[in-house]
Structures are given as C-alpha cells and as structure tokens.
file data07.txt (compact mmCIF, C-alpha atoms)
# COMPACT_ATOMS: atom_id res chain seq x y z
CA MET A 1 3.14 -76.29 -136.58
CA ARG A 2 6.70 -77.36 -135.72
CA ASP A 3 8.15 -74.78 -138.13
CA PHE A 4 5.97 -72.05 -136.61
CA VAL A 5 7.13 -72.87 -133.08
CA GLU A 6 10.78 -72.86 -134.17
CA ILE A 7 10.38 -69.49 -135.89
CA VAL A 8 8.84 -67.96 -132.76
CA VAL A 9 11.34 -69.46 -130.30
CA LEU A 10 14.58 -69.01 -132.24
CA PRO A 11 16.39 -65.75 -132.96
CA PRO A 12 15.92 -63.28 -134.51
CA THR A 13 12.09 -63.55 -134.27
CA SER A 14 12.15 -64.28 -130.54
CA LEU A 15 14.23 -61.14 -129.99
CA PHE A 16 11.80 -58.97 -131.92
CA ILE A 17 8.98 -60.43 -129.83
CA LEU A 18 10.97 -59.64 -126.68
CA GLY A 19 11.52 -56.07 -127.86
CA ALA A 20 7.86 -55.63 -128.79
CA LEU A 21 6.85 -56.87 -125.34
CA GLY A 22 9.21 -54.32 -123.83
CA LEU A 23 7.61 -51.52 -125.84
CA VAL A 24 4.15 -52.56 -124.65
CA LEU A 25 5.31 -52.70 -121.03
CA LEU A 26 6.73 -49.18 -121.27
CA VAL A 27 3.15 -47.99 -120.83
CA PHE A 28 2.63 -49.89 -117.55
CA ARG A 29 6.05 -50.69 -116.12
CA VAL A 30 8.58 -48.27 -117.54
CA ARG A 31 11.75 -49.70 -115.99
CA PHE A 32 10.98 -53.32 -116.83
CA GLY A 33 9.84 -52.42 -120.32
CA ARG A 34 13.02 -50.43 -120.91
CA PHE A 35 15.07 -53.35 -119.62
CA LEU A 36 13.43 -55.77 -122.07
CA CYS A 37 13.99 -53.39 -124.99
CA VAL A 38 17.67 -52.95 -124.16
CA LEU A 39 18.11 -56.68 -123.59
CA ALA A 40 16.53 -57.46 -126.96
CA LEU A 41 18.87 -55.02 -128.72
CA ILE A 42 21.96 -56.37 -126.95
CA LEU A 43 21.08 -59.98 -127.79
CA LEU A 44 20.22 -59.05 -131.38
CA TYR A 45 23.62 -57.44 -131.81
CA ALA A 46 25.56 -60.17 -130.00
CA LEU A 47 23.98 -63.13 -131.80
CA SER A 48 24.55 -61.37 -135.13
CA THR A 49 28.32 -61.26 -134.64
CA PRO A 50 30.62 -64.10 -135.81
CA ALA A 51 32.50 -63.90 -132.50
CA VAL A 52 29.45 -64.77 -130.38
CA ALA A 53 28.06 -67.28 -132.89
CA ARG A 54 31.32 -69.24 -132.75
CA ALA A 55 31.64 -68.93 -128.97
CA ILE A 56 28.20 -70.35 -128.17
CA GLY A 57 28.59 -73.11 -130.77
CA MET A 58 32.05 -74.35 -129.83
CA PRO A 59 30.94 -76.43 -126.79
CA LEU A 60 28.60 -78.41 -129.06
CA ASN A 61 31.46 -79.90 -131.06
CA ALA A 62 31.70 -83.40 -129.62
CA ALA A 63 34.48 -84.85 -131.74
CA PRO A 64 37.27 -83.96 -134.15
CA ALA A 65 37.27 -84.96 -137.79
CA LEU A 66 37.36 -88.72 -138.36
CA GLU A 67 40.77 -89.31 -139.90
CA PRO A 68 41.54 -92.55 -141.83
CA ALA A 69 43.93 -93.60 -139.08
CA ARG A 70 40.93 -93.82 -136.74
CA PHE A 71 38.78 -96.07 -138.94
CA GLU A 72 37.68 -99.15 -136.96
CA ASP A 73 37.25 -102.68 -138.33
CA ASP A 74 34.30 -103.59 -136.12
CA VAL A 75 32.03 -100.79 -137.31
CA GLY A 76 29.08 -102.32 -139.15
CA ALA A 77 27.35 -99.40 -140.87
CA ILE A 78 27.33 -95.70 -141.69
CA VAL A 79 24.25 -93.84 -140.45
CA ILE A 80 23.54 -90.50 -142.16
CA LEU A 81 20.98 -88.22 -140.53
CA GLY A 82 18.60 -86.10 -142.57
CA ALA A 83 18.71 -82.30 -142.44
CA GLY A 84 15.58 -81.05 -144.16
CA ARG A 85 14.45 -80.65 -147.74
CA TYR A 86 14.61 -78.17 -150.61
CA ALA A 87 10.90 -78.26 -151.37
CA GLN A 88 9.50 -78.05 -154.89
CA ALA A 89 12.91 -77.29 -156.39
CA PRO A 90 12.13 -76.02 -159.90
CA GLU A 91 15.50 -77.01 -161.32
CA TYR A 92 15.03 -80.60 -160.11
CA GLY A 93 11.33 -80.85 -160.86
CA GLY A 94 10.35 -81.60 -157.27
CA ASP A 95 11.65 -82.02 -153.73
CA THR A 96 15.29 -82.80 -153.06
CA ILE A 97 17.58 -82.65 -150.03
CA SER A 98 18.52 -79.33 -148.48
CA GLY A 99 21.97 -77.81 -148.60
CA ASN A 100 22.69 -79.11 -145.09
CA GLY A 101 21.45 -82.55 -146.11
CA LEU A 102 23.70 -82.48 -149.15
CA GLU A 103 26.72 -81.77 -146.95
CA ARG A 104 25.95 -84.84 -144.82
CA VAL A 105 25.23 -87.06 -147.82
CA ARG A 106 28.41 -86.02 -149.58
CA TYR A 107 30.53 -86.89 -146.55
CA GLY A 108 28.64 -90.14 -146.00
CA ALA A 109 29.38 -91.15 -149.61
CA TRP A 110 33.07 -90.30 -149.15
CA LEU A 111 33.19 -92.34 -145.92
CA HIS A 112 31.50 -95.28 -147.64
CA ARG A 113 34.14 -95.30 -150.38
CA LYS A 114 36.93 -95.16 -147.82
CA THR A 115 35.58 -97.85 -145.48
CA GLY A 116 33.27 -100.00 -147.60
CA ARG A 117 30.63 -99.96 -144.86
CA PRO A 118 26.93 -100.09 -145.89
CA ILE A 119 24.80 -96.97 -145.48
CA LEU A 120 21.60 -96.36 -143.57
CA VAL A 121 19.82 -93.06 -144.22
CA SER A 122 17.50 -91.74 -141.54
CA GLY A 123 14.82 -89.08 -141.85
CA GLY A 124 11.04 -89.07 -142.00
CA ASP A 125 8.45 -86.56 -143.17
CA PRO A 126 7.64 -84.49 -140.07
CA ASP A 127 6.13 -81.66 -142.12
CA MET A 128 3.86 -84.04 -144.07
CA ALA A 129 5.39 -82.88 -147.35
CA GLY A 130 4.76 -86.24 -149.03
CA ILE A 131 8.21 -87.77 -149.46
CA PRO A 132 10.38 -88.79 -146.48
CA GLU A 133 13.80 -87.17 -146.24
CA ALA A 134 15.42 -90.62 -146.26
CA THR A 135 13.94 -91.33 -149.68
CA LEU A 136 15.35 -88.06 -151.01
CA MET A 137 18.75 -88.88 -149.47
CA LYS A 138 18.73 -92.31 -151.09
CA ARG A 139 17.97 -90.77 -154.48
CA ALA A 140 20.83 -88.30 -154.14
CA LEU A 141 23.32 -90.92 -152.98
CA GLU A 142 22.49 -93.38 -155.73
CA SER A 143 21.87 -91.05 -158.68
CA GLU A 144 24.38 -88.29 -157.92
CA PHE A 145 27.12 -90.05 -155.97
CA GLY A 146 26.83 -93.58 -157.34
CA VAL A 147 26.58 -95.07 -153.85
CA THR A 148 24.11 -97.83 -152.91
CA VAL A 149 21.97 -97.37 -149.80
CA ALA A 150 21.43 -100.54 -147.79
CA TRP A 151 18.66 -99.39 -145.42
CA ILE A 152 16.11 -96.58 -145.20
CA GLU A 153 14.59 -95.32 -141.95
CA ALA A 154 11.79 -93.08 -143.15
CA ALA A 155 9.49 -92.63 -140.13
CA SER A 156 11.45 -90.44 -137.71
CA ALA A 157 10.51 -86.86 -136.88
CA ASN A 158 13.48 -85.87 -134.69
CA THR A 159 16.93 -86.97 -133.56
CA ALA A 160 15.66 -89.22 -130.80
CA GLU A 161 13.49 -91.10 -133.29
CA ASN A 162 16.37 -91.20 -135.79
CA ALA A 163 18.23 -93.13 -133.13
CA SER A 164 15.56 -95.53 -131.89
CA LEU A 165 14.19 -96.44 -135.32
CA SER A 166 17.65 -96.82 -136.87
CA GLN A 167 18.71 -99.06 -134.00
CA ALA A 168 15.72 -101.32 -134.61
CA ILE A 169 16.75 -101.76 -138.25
CA LEU A 170 20.42 -102.32 -137.47
CA GLU A 171 19.66 -104.80 -134.70
CA LYS A 172 18.00 -107.09 -137.24
CA ALA A 173 21.22 -106.95 -139.27
CA GLY A 174 23.31 -107.76 -136.21
CA ILE A 175 25.03 -104.37 -136.21
CA LYS A 176 25.95 -102.80 -132.88
CA LYS A 177 28.57 -100.21 -133.84
CA ILE A 178 28.20 -97.39 -136.36
CA TYR A 179 29.82 -94.38 -137.93
CA LEU A 180 27.39 -91.52 -137.28
CA VAL A 181 27.34 -88.75 -139.89
CA THR A 182 25.87 -85.36 -139.05
CA HIS A 183 27.02 -81.77 -138.69
CA ALA A 184 29.62 -81.09 -136.01
CA GLN A 185 27.29 -78.83 -134.03
CA HIS A 186 24.55 -81.47 -134.06
CA MET A 187 26.89 -84.33 -133.17
CA ARG A 188 26.77 -84.11 -129.37
CA ARG A 189 22.96 -84.39 -129.25
CA ALA A 190 23.03 -87.13 -131.89
CA ILE A 191 25.61 -89.20 -130.00
CA GLU A 192 23.58 -88.96 -126.79
CA ALA A 193 20.43 -90.10 -128.59
CA PHE A 194 22.07 -93.05 -130.36
CA GLU A 195 24.03 -94.24 -127.33
CA ARG A 196 20.79 -94.35 -125.33
CA THR A 197 19.61 -97.07 -127.71
CA GLY A 198 22.64 -99.23 -126.91
CA LEU A 199 24.51 -98.58 -130.16
CA LEU A 200 28.24 -97.92 -130.04
CA VAL A 201 28.95 -94.68 -131.89
CA VAL A 202 32.06 -93.55 -133.74
CA PRO A 203 31.43 -89.86 -134.52
CA ALA A 204 31.94 -88.83 -138.13
CA PRO A 205 31.17 -85.09 -138.11
CA THR A 206 31.14 -82.85 -141.14
CA ILE A 207 31.44 -79.04 -141.50
CA LEU A 208 33.67 -78.58 -138.47
CA PRO A 209 34.27 -75.00 -137.32
CA ARG A 210 37.78 -73.68 -137.74
CA GLN A 211 39.76 -72.52 -134.72
CA ARG A 212 41.18 -69.05 -135.29
CA GLY A 213 41.83 -65.83 -133.45
CA LEU A 214 39.44 -62.93 -133.25
CA ALA A 215 39.51 -60.07 -135.75
CA PRO A 216 37.70 -56.71 -135.72
CA ALA A 217 35.34 -58.01 -138.41
CA ASP A 218 34.14 -60.70 -136.00
CA PHE A 219 32.27 -58.02 -134.04
CA ILE A 220 30.40 -56.65 -137.03
CA PRO A 221 26.84 -58.06 -137.31
CA THR A 222 26.12 -60.27 -140.32
CA GLY A 223 23.16 -62.29 -141.53
CA GLY A 224 25.32 -65.40 -141.72
CA ALA A 225 26.29 -65.11 -138.06
CA MET A 226 22.65 -64.76 -137.01
CA SER A 227 21.79 -67.86 -139.05
CA THR A 228 24.59 -69.76 -137.30
CA SER A 229 23.42 -68.52 -133.89
CA ALA A 230 19.87 -69.67 -134.63
CA ARG A 231 21.12 -73.19 -135.44
CA VAL A 232 23.24 -73.24 -132.29
CA VAL A 233 20.36 -72.07 -130.08
CA HIS A 234 18.22 -74.77 -131.68
CA GLU A 235 20.79 -77.37 -130.63
CA TRP A 236 21.03 -76.09 -127.06
CA LEU A 237 17.24 -76.09 -126.74
CA GLY A 238 17.12 -79.59 -128.21
CA ARG A 239 19.64 -80.87 -125.68
CA ALA A 240 17.73 -79.22 -122.84
CA TRP A 241 14.46 -80.77 -124.03
CA TYR A 242 15.99 -84.26 -124.21
CA ALA A 243 17.51 -83.83 -120.75
CA LEU A 244 14.14 -82.86 -119.29
CA ALA A 245 12.42 -85.77 -121.07
CA GLU A 246 14.71 -88.38 -119.50
call {"tool": "encode", "arguments": {"input": "data07.txt", "output": "structure tokens"}}
result
Amino acid sequence: MRDFVEIVVLPPTSLFILGALGLVLLVFRVRFGRFLCVLALILLYALSTPAVARAIGMPLNAAPALEPARFEDDVGAIVILGAGRYAQAPEYGGDTISGNGLERVRYGAWLHRKTGRPILVSGGDPDMAGIPEATLMKRALESEFGVTVAWIEAASANTAENASLSQAILEKAGIKKIYLVTHAQHMRRAIEAFERTGLLVVPAPTILPRQRGLAPADFIPTGGAMSTSARVVHEWLGRAWYALAE
C-alpha cells in the first residue's frame, strides 16, 4: 500500500495523472483542462533536467562531509539508517540491501574503522517482506565488510520510528550522542527526527552532491534526473508531513 501511494504521488506518475485529468477536463472546462495539460508537460520537462533536480535538492543538504578533523571524542555510537532492499536477488539467493542501503553501509563501515565507535543499524520491514532491513544491513556489514554490529533496531517503518526506537536502545547503553549516517538529501529530515528524541546528532552524510556550474547538457531531460527529482520530492513531502504531525 505504501509503495502504491508513493508511486501515485511522486513524479513522473503524478504528472501523467495531472495531464490525464487535464485531457478529461478539456471536454467540460477547456481553459482549465488546457492549463493542467501544459502544467504537466512543463513539470515533466523541468523535473527531468539535471539543473532542476540539483536546484530543488540543494536546500536539503544539512551538513558537509564529516572530515576526520571533526571527529568528536564524546560520540557513543554510529547509527546507520536503512534504505530499502534488493528483493529476491538471484545472484545472492535471496533478499539483500538495496544500492542506496549499500552506500550507507559502506560509509558506516569506513566511519567505524576510523573512529572505533560501535554501530547500530536501523530499519524494519514496512512492506512485510519477511526480513527486516536492519538484519540485511547487519549481514552485509559483518560478512562483506568485516565489521561487527552492536545493536539492531528492526521494527521501524519510517525515519521518525528509526529515531525513536534507536534512541530507546541507545538510552539503555547510556549513549546520548551519535554519528548519524544517511544520504545527504535525507540528512535534514533525519536530524530533525533524531534530535526530537533528545539525542545529540553529528551528521555523517554520504553521497553529497557536487557544486558546479551549469552546462547546456543540464537542460536536457534524462531518466537519472527524473529519478533524483522523485527522491527529492519524496524528502520535501516527508518533511512537510512531519511538520504537520507535530
């Protein structure tokens, strides 16, 4: 159900729905129907360009890369957030972490080796696939990266629950300050969720966007840019939902 809602709400599907609605309204309200069709086409083009995808995503970047000079002695743990699964992977003989999850896990393992801090992995099974994301993350960290996982939070279904359930585990261990590992564009929402629980957060983002000037190619639509725009829109909607829920 959650996946269906996301598909309908996020681009490009939402834009096709908007355009289809415009076509239907052309029969009854010509001007408004034409407006919706044109709007859908403009948004479809814009969100498919690297220039717009970067522009709408840039405000989400809450922190720069965590350089070794900024490591802090009073941080008690590294919290790595889940990012979905690669379901029924034939080459692995079953579920494993997604590509986005692998990016977070890889950086979390690197940070663990640099700081020596214990790791908590956080991610449940919101799609009822059978194995929590945290379990898959633990397997990857231990079998592929040779890194031991200290705690598993395997019941959360979203970022807010990542935060509250992880805090409950860390509180028992006497930990109040963490390195938080997630993608740069997800970091702002993640920080807000974790700080609401009372935890002190040192952001440790991965896959940071590069700052560079515009080129003509940035205005040519690509599938990759639309994929980026969809993730960014998801983050903005997530932040709006959390703000309304407060």
call {"tool": "closest_residue", "arguments": {"input": "data07.txt", "among": "A:Pro68, A:Arg210, A:Gly116, A:Cys37", "to": "Val24 of chain A", "atoms": "all atoms listed in the file"}}
result
A:Cys37
call {"tool": "residues_around", "arguments": {"input": "data07.txt", "residues": "Val233 of chain A", "least_positions_apart": "2", "cutoff": "12 Å", "atoms": "all atoms listed in the file", "output": "ChimeraX atom specification"}}
result
/A:6-7,9-12,14,47,52-60,185-186,226-231,235-240
call {"tool": "residues_around", "arguments": {"input": "data07.txt", "residues": "segment 111-113 of chain A", "least_positions_apart": "6", "cutoff": "9 Å", "atoms": "all atoms listed in the file", "output": "PDB file with C-alpha atoms, keeping the file's coordinate frame"}}
result
ATOM      1  CA  ALA A  77      27.350 -99.400-140.870  1.00  0.00           C
ATOM      2  CA  ILE A  78      27.330 -95.700-141.690  1.00  0.00           C
ATOM      3  CA  ILE A 119      24.800 -96.970-145.480  1.00  0.00           C
ATOM      4  CA  VAL A 147      26.580 -95.070-153.850  1.00  0.00           C
ATOM      5  CA  TYR A 179      29.820 -94.380-137.930  1.00  0.00           C
ATOM      6  CA  ALA A 204      31.940 -88.830-138.130  1.00  0.00           C
TER       7      ALA A 204
END
call {"tool": "closest_residue", "arguments": {"input": "data07.txt", "among": "A:Val30, A:Trp151, A:Leu44, A:Ala51", "to": "Thr13 of chain A", "atoms": "all atoms listed in the file"}}
result
A:Leu44
call {"tool": "residues_around", "arguments": {"input": "data07.txt", "residues": "Glu72 of chain A", "least_positions_apart": "2", "cutoff": "9 Å", "atoms": "all atoms listed in the file", "output": "list of chain:residue names"}}
result
A:Ala69, A:Arg70, A:Asp74, A:Val75, A:Thr115, A:Val202
call {"tool": "closest_residue", "arguments": {"input": "data07.txt", "among": "A:Arg85, A:Lys176, A:Arg188, A:Arg31", "to": "Gly99 of chain A", "atoms": "all atoms listed in the file"}}
result
A:Arg85
call {"tool": "closest_residue", "arguments": {"input": "data07.txt", "among": "A:Ile17, A:Ala62, A:Ile80, A:Ala217", "to": "Thr49 of chain A", "atoms": "only C-alpha atoms"}}
result
A:Ala217
call {"tool": "atom_distance", "arguments": {"input": "data07.txt", "atom1": "atom CA of Gly124 of chain A", "atom2": "atom CA of Asp95 of chain A"}}
result
13.7 Å
call {"tool": "atom_distance", "arguments": {"input": "data07.txt", "atom1": "atom CA of Pro64 of chain A", "atom2": "atom CA of Ala109 of chain A"}}
result
18.8 Å
call {"tool": "residues_around", "arguments": {"input": "data07.txt", "residues": "Glu192 of chain A", "least_positions_apart": "4", "cutoff": "12 Å", "atoms": "only C-alpha atoms", "output": "MDAnalysis selection string"}}
result
chainID A and resid 60 62 159:160 162:164 180 186:188 196:203 238:239 242:243 246
call {"tool": "atom_distance", "arguments": {"input": "data07.txt", "atom1": "atom CA of Pro118 of chain A", "atom2": "atom CA of Leu208 of chain A"}}
result
23.7 Å
call {"tool": "closest_residue", "arguments": {"input": "data07.txt", "among": "A:Gly76, A:Gly101, A:Gly82, A:Gly224", "to": "Asn158 of chain A", "atoms": "all atoms listed in the file"}}
result
A:Gly82
call {"tool": "residues_around", "arguments": {"input": "data07.txt", "residues": "Ala154 of chain A", "least_positions_apart": "4", "cutoff": "8 Å", "atoms": "only C-alpha atoms", "output": "VMD selection string"}}
result
chain A and resid 122 to 125 132 to 135
call {"tool": "decode", "arguments": {"input": "data07.txt", "residues": "segment 151-179 of chain A", "atoms": "N, CA and C atoms", "output": "PDB file, in the first residue's frame"}}
result
ATOM      1  N   TRP A 151      24.174  -3.240  17.755  1.00  0.00           N
ATOM      2  CA  TRP A 151      22.736  -3.217  18.036  1.00  0.00           C
ATOM      3  C   TRP A 151      21.947  -3.247  16.730  1.00  0.00           C
ATOM      4  N   ILE A 152      20.766  -3.861  16.801  1.00  0.00           N
ATOM      5  CA  ILE A 152      19.843  -3.889  15.664  1.00  0.00           C
ATOM      6  C   ILE A 152      18.511  -3.297  16.100  1.00  0.00           C
ATOM      7  N   GLU A 153      18.019  -2.325  15.353  1.00  0.00           N
ATOM      8  CA  GLU A 153      16.660  -1.800  15.530  1.00  0.00           C
ATOM      9  C   GLU A 153      15.890  -2.254  14.304  1.00  0.00           C
ATOM     10  N   ALA A 154      15.010  -3.216  14.469  1.00  0.00           N
ATOM     11  CA  ALA A 154      14.395  -3.882  13.319  1.00  0.00           C
ATOM     12  C   ALA A 154      12.878  -3.738  13.268  1.00  0.00           C
ATOM     13  N   ALA A 155      12.320  -2.706  13.927  1.00  0.00           N
ATOM     14  CA  ALA A 155      10.865  -2.565  13.972  1.00  0.00           C
ATOM     15  C   ALA A 155      10.349  -1.292  13.317  1.00  0.00           C
ATOM     16  N   SER A 156      11.221  -0.400  12.904  1.00  0.00           N
ATOM     17  CA  SER A 156      10.791   0.895  12.383  1.00  0.00           C
ATOM     18  C   SER A 156      10.270   0.799  10.961  1.00  0.00           C
ATOM     19  N   ALA A 157       9.335   1.707  10.632  1.00  0.00           N
ATOM     20  CA  ALA A 157       8.761   1.748   9.288  1.00  0.00           C
ATOM     21  C   ALA A 157       9.041   3.062   8.576  1.00  0.00           C
ATOM     22  N   ASN A 158       9.628   4.027   9.282  1.00  0.00           N
ATOM     23  CA  ASN A 158       9.922   5.327   8.677  1.00  0.00           C
ATOM     24  C   ASN A 158      11.014   6.016   9.485  1.00  0.00           C
ATOM     25  N   THR A 159      11.392   7.213   9.063  1.00  0.00           N
ATOM     26  CA  THR A 159      12.502   7.918   9.714  1.00  0.00           C
ATOM     27  C   THR A 159      12.177   8.285  11.158  1.00  0.00           C
ATOM     28  N   ALA A 160      10.955   8.708  11.403  1.00  0.00           N
ATOM     29  CA  ALA A 160      10.585   9.067  12.775  1.00  0.00           C
ATOM     30  C   ALA A 160      10.714   7.867  13.709  1.00  0.00           C
ATOM     31  N   GLU A 161      10.314   6.700  13.237  1.00  0.00           N
ATOM     32  CA  GLU A 161      10.445   5.495  14.065  1.00  0.00           C
ATOM     33  C   GLU A 161      11.900   5.034  14.149  1.00  0.00           C
ATOM     34  N   ASN A 162      12.681   5.216  13.075  1.00  0.00           N
ATOM     35  CA  ASN A 162      14.123   4.985  13.170  1.00  0.00           C
ATOM     36  C   ASN A 162      14.676   5.705  14.395  1.00  0.00           C
ATOM     37  N   ALA A 163      14.277   6.961  14.526  1.00  0.00           N
ATOM     38  CA  ALA A 163      14.805   7.806  15.590  1.00  0.00           C
ATOM     39  C   ALA A 163      14.340   7.367  16.968  1.00  0.00           C
ATOM     40  N   SER A 164      13.030   7.225  17.149  1.00  0.00           N
ATOM     41  CA  SER A 164      12.505   6.925  18.489  1.00  0.00           C
ATOM     42  C   SER A 164      12.939   5.546  18.976  1.00  0.00           C
ATOM     43  N   LEU A 165      12.924   4.555  18.097  1.00  0.00           N
ATOM     44  CA  LEU A 165      13.284   3.200  18.513  1.00  0.00           C
ATOM     45  C   LEU A 165      14.795   3.058  18.713  1.00  0.00           C
ATOM     46  N   SER A 166      15.579   3.752  17.912  1.00  0.00           N
ATOM     47  CA  SER A 166      17.036   3.726  18.111  1.00  0.00           C
ATOM     48  C   SER A 166      17.406   4.411  19.416  1.00  0.00           C
ATOM     49  N   GLN A 167      16.732   5.512  19.714  1.00  0.00           N
ATOM     50  CA  GLN A 167      17.017   6.230  20.958  1.00  0.00           C
ATOM     51  C   GLN A 167      16.741   5.359  22.166  1.00  0.00           C
ATOM     52  N   ALA A 168      15.670   4.571  22.117  1.00  0.00           N
ATOM     53  CA  ALA A 168      15.341   3.688  23.233  1.00  0.00           C
ATOM     54  C   ALA A 168      16.445   2.657  23.468  1.00  0.00           C
ATOM     55  N   ILE A 169      17.026   2.140  22.392  1.00  0.00           N
ATOM     56  CA  ILE A 169      18.119   1.173  22.511  1.00  0.00           C
ATOM     57  C   ILE A 169      19.373   1.842  23.060  1.00  0.00           C
ATOM     58  N   LEU A 170      19.698   3.005  22.515  1.00  0.00           N
ATOM     59  CA  LEU A 170      20.928   3.698  22.917  1.00  0.00           C
ATOM     60  C   LEU A 170      20.843   4.227  24.342  1.00  0.00           C
ATOM     61  N   GLU A 171      19.654   4.590  24.769  1.00  0.00           N
ATOM     62  CA  GLU A 171      19.488   5.083  26.144  1.00  0.00           C
ATOM     63  C   GLU A 171      19.882   4.011  27.156  1.00  0.00           C
ATOM     64  N   LYS A 172      19.534   2.763  26.863  1.00  0.00           N
ATOM     65  CA  LYS A 172      19.898   1.671  27.765  1.00  0.00           C
ATOM     66  C   LYS A 172      21.399   1.488  27.849  1.00  0.00           C
ATOM     67  N   ALA A 173      22.103   1.883  26.770  1.00  0.00           N
ATOM     68  CA  ALA A 173      23.562   1.773  26.745  1.00  0.00           C
ATOM     69  C   ALA A 173      24.230   3.042  27.251  1.00  0.00           C
ATOM     70  N   GLY A 174      23.430   4.015  27.665  1.00  0.00           N
ATOM     71  CA  GLY A 174      23.974   5.261  28.195  1.00  0.00           C
ATOM     72  C   GLY A 174      24.549   6.173  27.133  1.00  0.00           C
ATOM     73  N   ILE A 175      24.082   6.040  25.899  1.00  0.00           N
ATOM     74  CA  ILE A 175      24.622   6.832  24.791  1.00  0.00           C
ATOM     75  C   ILE A 175      23.660   7.969  24.457  1.00  0.00           C
ATOM     76  N   LYS A 176      24.193   9.185  24.410  1.00  0.00           N
ATOM     77  CA  LYS A 176      23.371  10.356  24.151  1.00  0.00           C
ATOM     78  C   LYS A 176      23.786  11.113  22.898  1.00  0.00           C
ATOM     79  N   LYS A 177      24.939  10.757  22.330  1.00  0.00           N
ATOM     80  CA  LYS A 177      25.439  11.480  21.156  1.00  0.00           C
ATOM     81  C   LYS A 177      25.869  10.476  20.096  1.00  0.00           C
ATOM     82  N   ILE A 178      25.486  10.726  18.833  1.00  0.00           N
ATOM     83  CA  ILE A 178      25.728   9.746  17.781  1.00  0.00           C
ATOM     84  C   ILE A 178      26.270  10.401  16.504  1.00  0.00           C
ATOM     85  N   TYR A 179      26.952   9.588  15.712  1.00  0.00           N
ATOM     86  CA  TYR A 179      27.170   9.905  14.312  1.00  0.00           C
ATOM     87  C   TYR A 179      25.977   9.327  13.562  1.00  0.00           C
TER      88      TYR A 179
END
